[in-house]
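Inspection log for the structure reproduced underneath, given as structure tokens.
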Amino acid sequence: MLKRLLSCVREFKKPTILTLIFITGESVIETLIPFITARLVNQIKAGAELKEVITTGVLLAVMAFVSLGCGATAAFCCARASSGFAKNLRHDLYDRINNFSFENVDKFSSTSLVTRMTTDVQNVQMSYMMVIRTAIRSPLMLIFSVIMSFIMGGPLAMTFVVIIPVLTIGLLMIGRKAMPAFRSVFRKYDRLNESIEENVRGMRVVKGFSREEYEKEKFGAAAENIRGDFTRAERIVAWNRPIMQICVYFNMIFVLLVGSKMAIEGNSYGVDVGQLSAMLTYGMQVLMSLMMLSMIYVIITMSAESMKRIDEVLCEAPSLSNPENPVMTVADGSIDFDNVNFKYSAKAKRNSLSDVDLHIRSGMTVGIIGGTGSGKTSFVQLIPRLYDATEGTVKVGGVNVKEYDIKTLRDAVAMVLQKNLLFSGTIKENLRWGNPDATDEEIVEACRLSQADEFVQSFPDKYDTYIEQGGTNVSGGQKQRLCIARALLKKPKILILDDSTSAVDTKTDAMIRAGFRTYIPETTKIIIAQRVASVEDADLILVMENGAIAAAGKHEELISSCEIYREIYEQQTKGGEENE
């Protein structure tokens with residue numbers, strides 16, 4: 001796991017190494033300063049001349065400035081290295097997520113992936129920064145200070161033989177108790193973010209049913225739950241400070257009492273006033289180093305769960321991948337389903353599609369109709385290989401979809417999904433998702449065919465009108481027509497409309513379909529619809545029920561032979577007559 005995470009350092013190895021070098025320099029100088037200061041104190045006590053005092057003072061001043069320079073340079077390099085590491089880590093996570101299939105995304109959930117790319121990366125960045133700076137400085141200071149303590153203080157340094165094991169055992173116990181609490185917090189963060197996303201997206205429904213107070217209470221309960229877990233974890237971690245303070249005061253009392261006694265009784269112990277002052281300084285350095293190490297331990301304890309969560313994403317292999325020698329061209333828009341069965345998860349008890357056997361010629365218009373959960377969307381998602389069939393074979397252009405380069409296949413298939421999505425940006429920028437090289441004339445033509453040009457021209461900025469995130473400043477019908485135009489600009493071999501004209505009136509729907517016949521006659525068109533009127537002029541209509549094709553044929557054939565289709569048709573036409 002650490003090897004995978006550290007591979008994200010890449011071009012920021014240099015500032016990382018420079019941080020370590022300058023931190024080492026700072027640590028060495030800081031441990032030498034008390035040694036020279038002790039010599040100065042002893043020289044003054046022995047009656048040194050002013051010249052010696054000034055020389056030593058200048059040396060101490062130079063060392064202090066060099067130490068300050070090393071510390072400042074290390075801080076700059078550390079900030080650059082840790083920020084760059086976090087940038088690369090986010091890039092690798094985002095790159096991995098973009099290669100995920102829908103199956104992979106379903107496994108983690110979108111909100112969990114967002115939390116891992118934000119909160120978890122931030123935690124790991126903090127740990128990295130602490131490790132390359134403080135986690136190097138503190139052990140060096142600890143080692144150097146303990147060595148200098150034995151050199152300067154002799155027997156007095158034995159205090160550290162007691163203090164260091166006590167602190168180490170205490171910190172390990174604190175970390176062991178705190179880890180489960182932090183682990184539980186991050187799982188609850190996922191659920192909290194999921195609740196936020198759900199409520200922000202469904203704000204109109206929440207307000208429509210006046211459920212604001214209920215949602216506030218639900219969110220408050222989730223936030224309180226997280227607060228409780230963090231409080232328990234922080235309460236455990238808080239023991240770190242009193243344990244540290246006990247050790248600090250024990251060291252000070254021991255050095256002052258025992259050291260003073262040694263200094264007063266004479267030089268047989270090799271302890272003088274200078275050594276005593278140095279021991280106090282080294283004692284504080286040792287204990288401050290231990291305190292910093294305890295902070296690092298706590299932060300690493302907190303971020304360990306974040307590291308595991310990030311590593312889960314980095315280790316997740318996309319369930320869909322290119323073959324070794326992929327097919328790079330799609331011959332035509334013909335589609336073949338050969339005894340296809342499909343389920344979204346290996347753990348699922350029943351298939352979403354069962355025994356689908358179907359052959360569609362290139363250029364045909366195919367309508368699909370059926371109730372909710374009948375498998376319509378599952379059927380079309382297998383064509384651009386958003387999922388792989390569990391059993392059987394799906395072919396496009398006479399080639400198994402698993403043999404294509406995924407990008408090549410998906411470039412040949414345009415889908416207008418049930419949930420239409422526009423991105424923040426101008427109308428032109430959104431439409432060029434279908435074809436980045438599309439000219440203004442091609443954009444206008446596609447919008448005319450999708451019946452979008454009229455309302456776009458009514459905007460003050462026309463095609464330069466800015467679309468808010470999610471397309472909230474256009475209506476549902478306008479959004480659908482813009483998404484259809486975007487798909488048309490792709491000039492695909494297969495066009496799939498997944499109930500994507502539900503928000504437009506029947507007249508506009510008919511005009512869009514008429515445009516398809518003239519603009520993309522050779523493109524295979526698959527139209528999923530709830531209205532019979534949207535599919536009745538199709539070359540082939542599929543009636544789906546419980547994941548299987550219950551009937552297939554033209555409108556007139558199905559009226560006479562398929563009870564399900566006839567009932568839908570009669571309900572819709574009778575409903576229309578009653579409304580008239």
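Following the order of the structure tokens, chains are lettered A, B, ..., residues in each are numbered from 1, and ligands are numbered from 1.
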> Could you name the residues that touch Met364 in chain A at 7 Å or less, counting only C-alpha atoms, but leaving out those on the same chain fewer than 3 positions away, as a PyMOL selection string?
Replying inline: chain A and resi 360-361+524-525+539
Just the selected residues (C-alpha atoms), exported as a short mmCIF file (atom, residue, chain, number, x, y, z; two decimals), in the first residue's frame, please.
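And here is the file that came out, part_1.cif:
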```
data_model
loop_
_atom_site.label_atom_id
_atom_site.label_comp_id
_atom_site.auth_asym_id
_atom_site.auth_seq_id
_atom_site.Cartn_x
_atom_site.Cartn_y
_atom_site.Cartn_z
CA ILE A 360 -30.96 -5.73 -35.83
CA ARG A 361 -29.82 -4.62 -39.28
CA THR A 524 -29.32 2.39 -36.29
CA LYS A 525 -31.80 4.14 -34.00
CA ASP A 539 -39.17 -0.84 -38.27
#
```
>> I'd like to know which residues of range 239-407 of chain A are alpha helix (DSSP H) (by DSSP, run on the backbone); could you write them as an MDAnalysis selection string?
In response: chainID A and resid 240:254 260:265 273:315 376:381 406:407
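For the pair CA of Met129 in chain A and CA of Gln245 in chain A, the interatomic distance is 25.5 Å.
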Asp464 in chain A: which residues within 12 Å, counting only C-alpha atoms, same-chain residues fewer than 5 positions away excluded, as a compact mmCIF listing (two decimals) with C-alpha atoms, in the first residue's frame?
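Resulting contents of part.txt:
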```
# COMPACT_ATOMS: atom_id res chain seq x y z
CA GLY A 425 -20.56 26.13 -19.66
CA THR A 426 -22.09 27.65 -22.77
CA ILE A 427 -24.57 25.82 -25.00
CA LYS A 428 -21.85 25.54 -27.67
CA GLU A 429 -19.41 24.00 -25.20
CA ASN A 430 -22.01 21.46 -24.11
CA LEU A 431 -22.90 20.50 -27.68
CA ASP A 440 -21.14 26.57 -35.77
CA ILE A 443 -24.25 22.87 -34.26
CA VAL A 456 -31.86 28.73 -28.24
CA GLN A 457 -32.34 31.64 -30.66
CA SER A 458 -34.77 33.20 -28.17
CA PHE A 459 -32.02 33.54 -25.55
```
>> I'd like the contact shell of Ser424 in chain A - 8 Å cut-off, only C-alpha atoms, skipping same-chain residues fewer than 2 positions apart - returned as a PyMOL selection string.
In response: chain A and resi 422+426+430+466-471
>> Report as a ChimeraX atom specification all protein, DNA and RNA residues lying within 9 Å of range 154-168 of chain A, evaluated on only C-alpha atoms, omitting residues in the same chain fewer than 2 positions from it.
In response: /A:146-147,149-152,170-173,240,243-244,247-248,250-251,254-255,258-259,269-271,279,283,286-287,290,294
> Do you know which residues are at most 9 Å from range 499-501 of chain A counting only C-alpha atoms, after dropping those on the same chain fewer than 3 positions away, and could you put them as a list of chain:residue names?
Replying inline: A:Val416, A:Leu417, A:Gln418, A:Lys419, A:Asn420, A:Gly477, A:Gln480, A:Arg481, A:Cys483, A:Ile484, A:Val504, A:Asp505, A:Thr506, A:Thr508, A:Asp509, A:Ile527, A:Ile528, A:Ala529, A:Gln530, A:Ser534
> Hey, what's within 12 Å of Leu2 in chain A if we count only C-alpha atoms and toss same-chain stuff fewer than 5 positions away? As a VMD selection string, please?
Replying inline: chain A and resid 7 to 9 124 128 304 307 to 308 310 to 311 314
